[in-house]
file data.tsv (TSV, C-alpha atoms and all ligand atoms)
chain	number	residue	atom	x	y	z
L	68	MET	CA	12.81	-21.76	5.98
L	69	THR	CA	15.35	-18.98	5.63
L	70	ALA	CA	14.85	-16.65	2.73
L	71	ASN	CA	17.23	-16.13	-0.16
L	72	ILE	CA	18.66	-12.63	0.07
L	73	ILE	CA	18.30	-10.53	-3.06
L	74	ASP	CA	21.54	-8.57	-3.19
L	75	GLY	CA	20.75	-5.17	-4.70
L	76	LYS	CA	24.40	-4.14	-4.72
L	77	LEU	CA	25.38	-7.14	-6.81
L	78	VAL	CA	22.51	-6.74	-9.29
L	79	SER	CA	23.32	-3.06	-9.47
L	80	GLU	CA	26.98	-3.76	-10.29
L	81	GLN	CA	25.98	-6.19	-13.04
L	82	ILE	CA	23.69	-3.60	-14.66
L	83	ARG	CA	26.31	-0.87	-14.29
L	84	GLY	CA	28.85	-3.15	-16.00
L	85	LYS	CA	26.56	-3.37	-19.03
L	86	LEU	CA	25.93	0.38	-18.95
L	87	ARG	CA	29.67	1.06	-19.00
L	88	GLY	CA	29.94	-0.68	-22.38
L	89	GLU	CA	27.00	1.31	-23.75
L	90	ILE	CA	28.50	4.57	-22.49
L	91	GLU	CA	31.81	3.77	-24.19
L	92	ARG	CA	30.02	3.10	-27.48
L	93	LEU	CA	28.09	6.36	-27.18
L	94	LYS	CA	31.29	8.25	-26.44
L	95	GLU	CA	32.96	6.74	-29.50
L	96	SER	CA	30.11	8.18	-31.55
L	97	GLY	CA	30.72	11.60	-29.94
L	98	VAL	CA	28.01	11.60	-27.25
L	99	THR	CA	28.82	11.58	-23.52
L	100	PRO	CA	25.65	10.95	-21.49
L	101	GLY	CA	25.15	13.92	-19.18
L	102	LEU	CA	23.06	14.33	-16.04
L	103	ALA	CA	22.26	17.59	-14.25
L	104	VAL	CA	21.25	17.29	-10.61
L	105	VAL	CA	19.63	20.25	-8.90
L	106	LEU	CA	19.54	20.53	-5.12
L	107	VAL	CA	17.72	23.36	-3.35
L	108	GLY	CA	18.54	23.78	0.33
L	109	GLU	CA	20.70	21.87	2.77
L	110	ASP	CA	18.66	18.77	3.69
L	111	PRO	CA	21.37	16.33	4.86
L	112	ALA	CA	19.79	13.18	3.34
L	113	SER	CA	19.30	14.98	0.00
L	114	GLN	CA	22.92	16.11	0.04
L	115	VAL	CA	24.06	12.50	0.41
L	116	TYR	CA	21.75	11.33	-2.41
L	117	VAL	CA	22.96	14.09	-4.73
L	118	ARG	CA	26.62	13.37	-3.99
L	119	ASN	CA	26.09	9.65	-4.64
L	120	LYS	CA	24.32	10.33	-7.93
L	121	ALA	CA	27.11	12.60	-9.20
L	122	ARG	CA	29.80	10.16	-8.06
L	123	SER	CA	28.06	7.22	-9.73
L	124	CYS	CA	27.94	9.16	-13.02
L	125	GLU	CA	31.66	9.87	-12.83
L	126	GLN	CA	32.48	6.24	-12.04
L	127	LEU	CA	30.78	5.18	-15.27
L	128	GLY	CA	32.46	7.89	-17.34
L	129	MET	CA	29.32	9.99	-17.71
L	130	TYR	CA	29.21	13.78	-17.52
L	131	SER	CA	27.44	15.25	-14.51
L	132	GLU	CA	26.89	18.67	-13.06
L	133	VAL	CA	25.41	19.50	-9.67
L	134	HIS	CA	23.61	22.79	-9.11
L	135	ARG	CA	23.44	23.53	-5.37
L	136	LEU	CA	21.06	26.40	-4.71
L	137	PRO	CA	20.33	28.10	-1.38
L	138	ALA	CA	17.08	27.19	0.41
L	139	GLU	CA	15.67	30.69	-0.21
L	140	THR	CA	15.97	30.35	-4.02
L	141	SER	CA	12.79	31.62	-5.66
L	142	GLN	CA	10.60	29.42	-7.84
L	143	VAL	CA	11.20	31.82	-10.75
L	144	ASP	CA	14.98	31.38	-10.48
L	145	LEU	CA	14.69	27.60	-10.20
L	146	LEU	CA	12.42	27.44	-13.26
L	147	ALA	CA	14.89	29.64	-15.16
L	148	LEU	CA	17.72	27.19	-14.36
L	149	ILE	CA	15.59	24.24	-15.55
L	150	GLU	CA	14.79	26.11	-18.76
L	151	LYS	CA	18.52	26.61	-19.33
L	152	LEU	CA	19.25	22.92	-18.67
L	153	ASN	CA	16.43	21.94	-21.05
L	154	GLU	CA	18.32	23.79	-23.80
L	155	GLN	CA	21.82	22.51	-22.96
L	156	SER	CA	22.81	19.85	-25.49
L	157	GLU	CA	25.40	18.12	-23.25
L	158	ILE	CA	22.69	17.49	-20.63
L	159	HIS	CA	20.47	14.50	-21.43
L	160	GLY	CA	18.84	14.04	-18.03
L	161	ILE	CA	17.66	16.52	-15.41
L	162	LEU	CA	16.88	15.55	-11.85
L	163	VAL	CA	15.57	17.96	-9.25
L	164	GLN	CA	16.12	16.43	-5.82
L	165	LEU	CA	12.89	16.24	-3.81
L	166	PRO	CA	11.57	17.38	-1.40
L	167	LEU	CA	11.77	21.07	-2.33
L	168	PRO	CA	11.46	23.92	0.18
L	169	LYS	CA	7.81	24.69	1.00
L	170	HIS	CA	7.66	27.97	-0.96
L	171	ILE	CA	8.36	26.14	-4.22
L	172	GLU	CA	5.53	24.31	-6.00
L	173	GLU	CA	6.82	20.81	-6.77
L	174	LYS	CA	4.31	20.30	-9.58
L	175	ALA	CA	5.45	23.43	-11.46
L	176	VAL	CA	9.07	22.31	-11.23
L	177	ILE	CA	8.41	18.75	-12.38
L	178	GLU	CA	6.32	19.99	-15.30
L	179	ALA	CA	9.04	22.45	-16.34
L	180	ILE	CA	11.53	19.64	-17.04
L	181	SER	CA	11.56	18.65	-20.70
L	182	VAL	CA	9.76	15.30	-21.08
L	183	ASP	CA	12.77	14.06	-23.07
L	184	LYS	CA	15.12	14.83	-20.16
L	185	ASP	CA	12.79	13.66	-17.36
L	186	VAL	CA	14.99	10.74	-16.27
L	187	ASP	CA	13.18	10.55	-12.92
L	188	GLY	CA	9.96	9.77	-14.82
L	189	PHE	CA	7.84	12.13	-12.70
L	190	HIS	CA	6.54	14.42	-15.49
L	191	PRO	CA	2.78	13.85	-15.96
L	192	GLU	CA	3.36	13.00	-19.62
L	193	ASN	CA	5.79	10.22	-18.67
L	194	VAL	CA	3.41	9.02	-15.96
L	195	GLY	CA	0.56	8.92	-18.50
L	196	ARG	CA	2.71	6.97	-20.95
L	197	LEU	CA	3.60	4.53	-18.20
L	198	VAL	CA	-0.06	3.95	-17.37
L	199	VAL	CA	-1.07	3.30	-20.99
L	200	GLY	CA	2.01	1.14	-21.57
L	201	GLU	CA	3.87	3.41	-24.02
L	202	GLU	CA	7.63	3.95	-24.15
L	203	CYS	CA	8.64	6.33	-21.34
L	204	TYR	CA	11.13	7.00	-18.59
L	205	VAL	CA	10.10	4.69	-15.78
L	206	PRO	CA	10.56	6.12	-12.24
L	207	CYS	CA	13.84	4.79	-10.87
L	208	THR	CA	12.88	3.08	-7.61
L	209	PRO	CA	9.89	1.19	-9.07
L	210	ALA	CA	12.02	0.16	-12.07
L	211	GLY	CA	14.65	-1.09	-9.62
L	212	VAL	CA	12.06	-3.22	-7.80
L	213	ILE	CA	11.06	-4.98	-11.03
L	214	GLU	CA	14.72	-5.51	-12.02
L	215	LEU	CA	15.41	-7.16	-8.66
L	216	LEU	CA	12.45	-9.53	-9.08
L	217	LYS	CA	13.59	-10.42	-12.60
L	218	HIS	CA	17.22	-10.94	-11.60
L	219	ALA	CA	16.09	-13.34	-8.87
L	220	ASP	CA	14.01	-15.19	-11.51
L	221	ILE	CA	10.83	-14.63	-9.59
L	222	GLU	CA	7.67	-15.39	-11.49
L	223	ILE	CA	5.43	-12.30	-11.39
L	224	ALA	CA	2.68	-13.28	-13.84
L	225	GLY	CA	-0.41	-14.62	-12.11
L	226	LYS	CA	0.92	-13.83	-8.64
L	227	HIS	CA	-0.86	-11.70	-6.06
L	228	ALA	CA	1.33	-8.65	-5.46
L	229	VAL	CA	0.49	-6.40	-2.53
L	230	VAL	CA	2.03	-2.93	-2.59
L	231	VAL	CA	1.91	-1.12	0.74
L	232	GLY	CA	2.08	2.63	-0.02
L	233	ARG	CA	0.50	4.68	-2.80
L	234	SER	CA	2.90	7.58	-3.34
L	235	ASN	CA	3.43	9.00	-6.82
L	236	ILE	CA	7.13	8.16	-6.72
L	237	VAL	CA	6.99	4.56	-5.47
L	238	GLY	CA	3.65	2.91	-4.62
L	239	LYS	CA	1.57	3.90	-7.65
L	240	PRO	CA	4.21	3.39	-10.37
L	241	VAL	CA	5.44	0.08	-8.93
L	242	SER	CA	1.82	-1.12	-8.92
L	243	ILE	CA	1.46	-0.23	-12.61
L	244	LEU	CA	4.71	-2.05	-13.44
L	245	LEU	CA	3.61	-5.16	-11.55
L	246	LEU	CA	0.30	-5.05	-13.43
L	247	GLN	CA	2.22	-4.82	-16.72
L	248	GLU	CA	4.09	-7.95	-15.61
L	249	HIS	CA	0.66	-9.61	-15.23
L	250	ALA	CA	0.48	-9.74	-11.44
L	251	THR	CA	-2.85	-9.29	-9.71
L	252	VAL	CA	-2.15	-6.13	-7.75
L	253	THR	CA	-3.60	-4.80	-4.50
L	254	ILE	CA	-2.52	-1.32	-3.40
L	255	CYS	CA	-2.69	-0.57	0.32
L	256	HIS	CA	-2.40	2.71	2.19
L	257	SER	CA	-3.05	4.26	5.58
L	258	LYS	CA	-6.83	3.82	5.25
L	259	THR	CA	-6.73	0.16	4.19
L	260	ALA	CA	-8.93	-2.00	6.40
L	261	ASN	CA	-7.50	-5.38	7.44
L	262	LEU	CA	-4.02	-4.55	6.20
L	263	GLN	CA	-2.63	-7.62	7.93
L	264	GLU	CA	-5.05	-9.96	6.12
L	265	VAL	CA	-4.30	-8.38	2.76
L	266	ILE	CA	-0.54	-8.70	3.23
L	267	GLN	CA	-1.00	-12.28	4.38
L	268	SER	CA	-2.62	-13.16	1.05
L	269	ALA	CA	0.35	-11.83	-0.95
L	270	ASP	CA	2.79	-13.87	-3.00
L	271	ILE	CA	4.86	-10.71	-3.47
L	272	VAL	CA	4.93	-7.86	-0.95
L	273	VAL	CA	6.40	-4.46	-1.85
L	274	ALA	CA	6.71	-2.28	1.24
L	275	ALA	CA	6.97	1.46	0.53
L	276	VAL	CA	5.58	3.11	3.64
L	277	GLY	CA	8.32	4.82	5.64
L	278	ARG	CA	7.53	3.07	8.96
L	279	PRO	CA	10.42	1.21	10.54
L	280	GLU	CA	10.00	-2.57	10.56
L	281	MET	CA	6.18	-2.50	10.45
L	282	ILE	CA	5.97	-5.76	8.48
L	283	ALA	CA	7.14	-8.89	10.32
L	284	ALA	CA	7.04	-12.67	9.83
L	285	LYS	CA	3.56	-12.95	11.37
L	286	HIS	CA	2.14	-10.74	8.60
L	287	LEU	CA	3.50	-12.85	5.76
L	288	LYS	CA	2.34	-15.92	3.91
L	289	PRO	CA	5.08	-18.57	4.15
L	290	GLY	CA	7.19	-18.40	1.01
L	291	ALA	CA	6.24	-14.81	0.15
L	292	VAL	CA	8.71	-12.65	-1.76
L	293	VAL	CA	9.42	-9.44	0.13
L	294	ILE	CA	10.82	-6.28	-1.46
L	295	ASP	CA	11.54	-3.57	1.09
L	296	VAL	CA	11.69	-0.06	-0.35
L	297	GLY	CA	11.58	1.72	3.02
L	298	ILE	CA	14.57	3.63	4.34
L	299	ASN	CA	14.17	4.67	7.96
L	300	ARG	CA	16.83	6.14	10.26
L	301	LEU	CA	16.35	5.05	13.87
L	302	ALA	CA	17.22	7.19	16.89
L	303	ASP	CA	20.34	5.04	17.47
L	304	GLY	CA	21.51	5.85	13.94
L	305	ARG	CA	20.71	2.46	12.40
L	306	LEU	CA	19.14	2.35	8.94
L	307	VAL	CA	16.20	-0.07	8.66
L	308	GLY	CA	13.49	-0.80	6.16
L	309	ASP	CA	9.72	-1.10	6.51
L	310	VAL	CA	10.21	-4.82	7.08
L	311	ASP	CA	11.68	-6.48	10.16
L	312	PHE	CA	14.37	-8.20	8.12
L	313	GLU	CA	15.68	-10.71	10.67
L	314	ASP	CA	12.17	-11.84	11.56
L	315	ALA	CA	10.63	-11.82	8.08
L	316	LYS	CA	13.48	-13.77	6.52
L	317	GLN	CA	12.39	-16.78	8.60
L	318	VAL	CA	9.20	-17.14	6.53
L	319	ALA	CA	9.87	-15.36	3.23
L	320	SER	CA	11.31	-17.21	0.23
L	321	TYR	CA	13.18	-14.12	-1.06
L	322	ILE	CA	13.83	-10.83	0.69
L	323	THR	CA	15.77	-7.62	0.08
L	324	PRO	CA	17.92	-6.14	2.87
L	325	VAL	CA	18.10	-2.50	3.93
L	326	PRO	CA	20.61	-1.13	3.18
L	327	GLY	CA	21.83	-3.00	0.10
L	328	GLY	CA	18.51	-3.93	-1.53
L	329	VAL	CA	16.38	-1.47	-3.45
L	330	GLY	CA	18.55	1.56	-2.56
L	331	PRO	CA	21.50	0.86	-4.90
L	332	MET	CA	19.06	0.01	-7.70
L	333	THR	CA	17.48	3.47	-7.63
L	334	ILE	CA	20.68	5.22	-8.70
L	335	THR	CA	21.46	2.51	-11.23
L	336	MET	CA	18.07	2.98	-12.88
L	337	LEU	CA	18.70	6.73	-12.97
L	338	LEU	CA	21.99	6.11	-14.79
L	339	LYS	CA	20.21	3.71	-17.14
L	340	ASN	CA	17.53	6.30	-17.95
L	341	THR	CA	20.20	8.95	-18.57
L	342	VAL	CA	22.10	6.66	-20.95
L	343	GLU	CA	18.80	5.93	-22.71
L	344	ALA	CA	18.12	9.69	-22.97
L	345	ALA	CA	21.57	10.21	-24.51
L	346	ARG	CA	20.96	7.38	-26.97
L	347	ARG	CA	17.63	8.90	-28.02
L	348	ALA	CA	19.17	12.37	-28.36
D	401	LIG	P1	5.24	8.60	1.24
D	401	LIG	O1	5.28	9.13	2.63
D	401	LIG	O2	5.05	9.54	0.10
D	401	LIG	O3	4.10	7.47	1.14
D	401	LIG	C1	3.93	6.53	2.15
D	401	LIG	C2	2.74	5.69	1.84
D	401	LIG	O4	2.58	4.76	2.91
D	401	LIG	C3	1.44	6.47	1.73
D	401	LIG	O5	0.71	6.02	0.62
D	401	LIG	C4	0.72	6.16	3.04
D	401	LIG	O6	-0.69	6.11	2.92
D	401	LIG	C5	1.23	4.76	3.34
D	401	LIG	N1	1.14	4.49	4.77
D	401	LIG	C6	1.55	5.24	5.81
D	401	LIG	N2	1.29	4.63	6.98
D	401	LIG	C7	0.71	3.46	6.68
D	401	LIG	C8	0.20	2.40	7.45
D	401	LIG	N3	0.26	2.39	8.78
D	401	LIG	N4	-0.35	1.36	6.82
D	401	LIG	C9	-0.41	1.32	5.47
D	401	LIG	N5	0.06	2.30	4.68
D	401	LIG	C10	0.60	3.36	5.27
D	401	LIG	O7	6.59	7.78	1.07
D	401	LIG	P2	7.41	7.34	-0.25
D	401	LIG	O8	6.57	6.50	-1.12
D	401	LIG	O9	8.10	8.51	-0.81
D	401	LIG	O10	8.54	6.45	0.44
D	401	LIG	C11	8.22	5.28	1.17
D	401	LIG	C12	9.48	4.75	1.82
D	401	LIG	O11	10.41	4.41	0.81
D	401	LIG	C13	10.23	5.76	2.71
D	401	LIG	O12	10.83	5.05	3.77
D	401	LIG	C14	11.29	6.30	1.80
D	401	LIG	O13	12.42	6.77	2.51
D	401	LIG	C15	11.62	5.10	0.99
D	401	LIG	N6	12.17	5.40	-0.34
D	401	LIG	C16	13.25	4.65	-0.71
D	401	LIG	C17	13.81	4.83	-1.94
D	401	LIG	C18	14.95	3.97	-2.33
D	401	LIG	O14	15.72	4.33	-3.19
D	401	LIG	N7	15.11	2.79	-1.71
D	401	LIG	C19	13.32	5.86	-2.88
D	401	LIG	C20	12.12	6.51	-2.42
D	401	LIG	C21	11.60	6.30	-1.18
D	401	LIG	P3	-1.60	7.40	2.57
D	401	LIG	O15	-1.42	7.62	1.11
D	401	LIG	O16	-2.96	6.98	2.94
D	401	LIG	O17	-1.06	8.53	3.41
call {"tool": "encode", "arguments": {"input": "data.tsv", "output": "structure tokens"}}
result
Amino acid sequence: MTANIIDGKLVSEQIRGKLRGEIERLKESGVTPGLAVVLVGEDPASQVYVRNKARSCEQLGMYSEVHRLPAETSQVDLLALIEKLNEQSEIHGILVQLPLPKHIEEKAVIEAISVDKDVDGFHPENVGRLVVGEECYVPCTPAGVIELLKHADIEIAGKHAVVVGRSNIVGKPVSILLLQEHATVTICHSKTANLQEVIQSADIVVAAVGRPEMIAAKHLKPGAVVIDVGINRLADGRLVGDVDFEDAKQVASYITPVPGGVGPMTITMLLKNTVEAARRA
């Protein structure tokens, strides 16, 4: 068996096409969805992410502003900027690019963003709403994972979904979303005993670990659906996921590539949340 490839770029383009129409309608009614992206420091990967986010906004006719602050920016100054953005009516979504420099408390920054503008969905109030199943901004990468499964017409209800990774930005929220879709969910992490056995029992595997190609064909149940969130840069410059794509695709029924799988969906979901924020405003 060779797996069907779930093309994140294609799904992303389809969703962006729909968003474009919504943005035009909003603009006709006098509202241009606006996103503010804040970057502290010069982390090269973060710079690329921020540039891509701003460019994607422009491509869809949204307003965006990027605030690039030096690495030595104080927490007080960063919080003051967020406060200003919270008040700015042309800004509907605020995203602070993580990770932040060590001297800044991430929690304080996330909590300072207005819940109504928290398009990353990291504010504890949004997280709480997500857990109890209320309307909220869903974190972008986990939302992208679910969209990919739905676009590929993959049945989630009743399936055993194994999520490898329990971070607040990917593993935990994607587990909640899978549960809401009626999967039976197992969450694995670095202390999980018999990881291989657990993964082998999965109908759907979501890998969000950050370890290059740790999941291979021998770990998978034949016909499993594999969603690879991992983005790992190898010493030779290649970008790979947490799954050994070439190997795993021999036994999986569906699989996402890296790059071109979950990655493009993350920004698309951010744009979607920002349009939603503008609509609500
Ligand atoms: P974190 O480092 O925050 O979390 C990694 C998780 O993996 C932790 O829960 C950790 O367990 C678990 N883990 C580590 N080693 C093992 C192991 N050997 N076996 C089982 N579990 C293990 O990472 P993120 O969640 O932020 O990101 C995960 C990956 O996804 C990264 O490659 C990242 O670059 C990528 N990513 C991709 C995005 C996209 O847009 N495609 C967006 C965000 C992230 P423990 O909790 O016990 O330490």
call {"tool": "closest_residue", "arguments": {"input": "data.tsv", "among": "L:Leu301, L:Ala138, L:Leu93, L:Val293", "to": "Ser320 in chain L", "atoms": "all atoms listed in the file"}}
result
L:Val293
call {"tool": "residues_near_ligand", "arguments": {"input": "data.tsv", "ligand": "ligand LIG 401 (chain D)", "cutoff": "10 Å", "atoms": "only C-alpha atoms and all ligand atoms", "output": "ChimeraX atom specification"}}
result
/L:112,116,165-166,206-209,211-212,230-239,254-263,274-279,281-282,295-300,307-309,325-334
call {"tool": "residues_around", "arguments": {"input": "data.tsv", "residues": "range 147-157 of chain L", "least_positions_apart": "5", "cutoff": "12 Å", "atoms": "all atoms listed in the file", "output": "PyMOL selection string"}}
result
chain L and resi 94+97-107+129-136+140-142+162-163+175-185+341+344-345+348
call {"tool": "closest_residue", "arguments": {"input": "data.tsv", "among": "L:Asn340, L:Asn119, L:Thr251, L:Gln267", "to": "Val186 in chain L", "atoms": "all atoms listed in the file"}}
result
L:Asn340
call {"tool": "atom_distance", "arguments": {"input": "data.tsv", "atom1": "CA of Glu214 in chain L", "atom2": "CA of Gly75 in chain L"}}
result
9.5 Å
call {"tool": "atom_distance", "arguments": {"input": "data.tsv", "atom1": "CA of Phe312 in chain L", "atom2": "CA of Val273 in chain L"}}
result
13.3 Å
call {"tool": "residues_near_point", "arguments": {"input": "data.tsv", "point": "(4.3, 15.4, -13.5)", "cutoff": "8 Å", "atoms": "only C-alpha atoms", "output": "list in words"}}
result
Lys174, Ile177, Glu178, Phe189, His190, Pro191, Glu192, Asn193 and Val194 of chain L
call {"tool": "closest_residue", "arguments": {"input": "data.tsv", "among": "L:Glu80, L:Glu139, L:Asp110, L:Glu201", "to": "Gln126 in chain L", "atoms": "only C-alpha atoms"}}
result
L:Glu80
